[in-house]
Amino acid sequence: MMIRLATMEDARLLFSWRNDPLTRRMSINSDTVDWDTHRSWLERRLGRADPLLHIAEIEGHCVGTFRIDGDEISYTVAPDFRGKGIALKMLILARQMFGPKLARIARDNVPSARAAEKAGHTVAWL
């Protein structure tokens, strides 16, 4: 697995992952995001001195994303790559890069919490 910084070229991909029905159901904020709002958020995020928005790739395939906000980590796995251990690998790499973080996880998202804990992050149930 390779980790790289996200770019505006990832906007459509991140938008589709954000609005995926299962992603929304397992997210703390389950609202659908419209394109203009997403694009504006991504432009602001990438315009920061250290955006800390990353894409995980395996053999040229984008398989997930994680974002660091202070002591917190947020993440999602691409729909086509769920159930393959991607979250654990990605979260281990994130911990190696940035240290242990707090993952705020919706109560229904047990697999995500397990991956975060196994990777060495702290889980806060919401």
# chains A, B, ... in the order shown; residues from 1 in each chain; ligands from 1
call {"tool": "select_by_dssp", "arguments": {"residues": "stretch 36-66 of chain A", "states": "strand (DSSP E or B)", "output": "count of residues only"}}
result
12
call {"tool": "residues_around", "arguments": {"residues": "A:His61", "least_positions_apart": "6", "cutoff": "10 Å", "atoms": "only C-alpha atoms", "output": "compact mmCIF listing (two decimals) with N, CA and C atoms, in the first residue's frame"}}
result
# COMPACT_ATOMS: atom_id res chain seq x y z
N MET A 1 0.85 -1.18 0.00
CA MET A 1 0.00 0.00 0.00
C MET A 1 0.89 1.24 0.00
N MET A 2 0.50 2.20 -0.80
CA MET A 2 1.19 3.48 -0.89
C MET A 2 0.23 4.57 -0.42
N ILE A 55 -4.65 9.72 0.23
CA ILE A 55 -5.26 8.63 -0.54
C ILE A 55 -4.37 7.41 -0.40
N ALA A 78 -12.77 2.58 -0.07
CA ALA A 78 -13.52 2.59 -1.32
C ALA A 78 -14.51 1.43 -1.34
N PHE A 81 -13.50 -2.08 -2.33
CA PHE A 81 -12.39 -2.69 -1.61
C PHE A 81 -12.72 -2.99 -0.14
call {"tool": "closest_residue", "arguments": {"among": "A:Thr32, A:Thr37, A:Ala119, A:Ile3", "to": "A:Arg67", "atoms": "only C-alpha atoms"}}
result
A:Ile3
call {"tool": "select_by_dssp", "arguments": {"residues": "chain A", "states": "alpha helix (DSSP H)", "output": "VMD selection string"}}
result
chain A and resid 11 to 18 21 to 26 35 to 46 86 to 98 110 to 118
call {"tool": "atom_distance", "arguments": {"atom1": "atom CA of A:Leu13", "atom2": "atom CA of A:Pro79"}}
result
11.1 Å
call {"tool": "closest_residue", "arguments": {"among": "A:Phe15, A:Thr122, A:Arg48, A:Leu93", "to": "A:Val33", "atoms": "only C-alpha atoms"}}
result
A:Phe15
call {"tool": "residues_around", "arguments": {"residues": "stretch 68-74 of chain A", "least_positions_apart": "2", "cutoff": "7 Å", "atoms": "only C-alpha atoms", "output": "short mmCIF file (atom, residue, chain, number, x, y, z; two decimals) with N, CA and C atoms, in the first residue's frame"}}
result
data_model
loop_
_atom_site.label_atom_id
_atom_site.label_comp_id
_atom_site.auth_asym_id
_atom_site.auth_seq_id
_atom_site.Cartn_x
_atom_site.Cartn_y
_atom_site.Cartn_z
N LEU A 52 -3.10 17.33 5.14
CA LEU A 52 -3.26 16.04 5.82
C LEU A 52 -4.49 15.26 5.35
N LEU A 53 -4.73 15.31 4.05
CA LEU A 53 -5.77 14.50 3.41
C LEU A 53 -5.06 13.56 2.47
N PHE A 66 -7.78 8.85 4.21
CA PHE A 66 -7.84 9.26 5.62
C PHE A 66 -7.43 10.72 5.73
N LYS A 101 -4.11 8.34 16.96
CA LYS A 101 -5.13 9.38 16.89
C LYS A 101 -6.43 8.87 17.51
N LEU A 102 -7.39 9.76 17.63
CA LEU A 102 -8.73 9.44 18.09
C LEU A 102 -9.63 9.27 16.88
N ALA A 103 -10.32 8.15 16.82
CA ALA A 103 -11.27 7.89 15.74
C ALA A 103 -12.68 7.95 16.34
#
call {"tool": "closest_residue", "arguments": {"among": "A:Ala49, A:Ala6, A:Val123, A:Leu42", "to": "A:Arg104", "atoms": "only C-alpha atoms"}}
result
A:Val123
call {"tool": "closest_residue", "arguments": {"among": "A:Gly60, A:His121, A:Thr7, A:Arg114", "to": "A:Phe98", "atoms": "only C-alpha atoms"}}
result
A:His121
call {"tool": "residues_around", "arguments": {"residues": "A:Arg107", "least_positions_apart": "5", "cutoff": "12 Å", "atoms": "only C-alpha atoms", "output": "PyMOL selection string"}}
result
chain A and resi 25-28+112-114+123-126
call {"tool": "atom_distance", "arguments": {"atom1": "atom CA of A:Met90", "atom2": "atom CA of A:Trp35"}}
result
26.2 Å
call {"tool": "residues_around", "arguments": {"residues": "A:Thr23", "least_positions_apart": "6", "cutoff": "10 Å", "atoms": "only C-alpha atoms", "output": "list in words"}}
result
Ser16, Trp17, Asn29, Ser30, Tyr75, Thr76, Val77, Ala78, Pro79 and Asn109 of chain A
call {"tool": "write_last_selection", "arguments": {"atoms": "C-alpha atoms", "output": "PDB file, in the first residue's frame"}}
result
ATOM      1  CA  SER A  16     -18.394   9.473  -4.837  1.00  0.00           C
ATOM      2  CA  TRP A  17     -16.940   7.818  -1.733  1.00  0.00           C
ATOM      3  CA  ASN A  29     -22.781  13.041   9.428  1.00  0.00           C
ATOM      4  CA  SER A  30     -24.974  10.957   7.125  1.00  0.00           C
ATOM      5  CA  TYR A  75     -11.239   7.520   7.099  1.00  0.00           C
ATOM      6  CA  THR A  76     -13.184   5.531   4.562  1.00  0.00           C
ATOM      7  CA  VAL A  77     -12.496   2.557   2.338  1.00  0.00           C
ATOM      8  CA  ALA A  78     -13.521   2.589  -1.321  1.00  0.00           C
ATOM      9  CA  PRO A  79     -16.751   0.608  -1.795  1.00  0.00           C
ATOM     10  CA  ASN A 109     -19.802   0.805  12.609  1.00  0.00           C
TER      11      ASN A 109
END
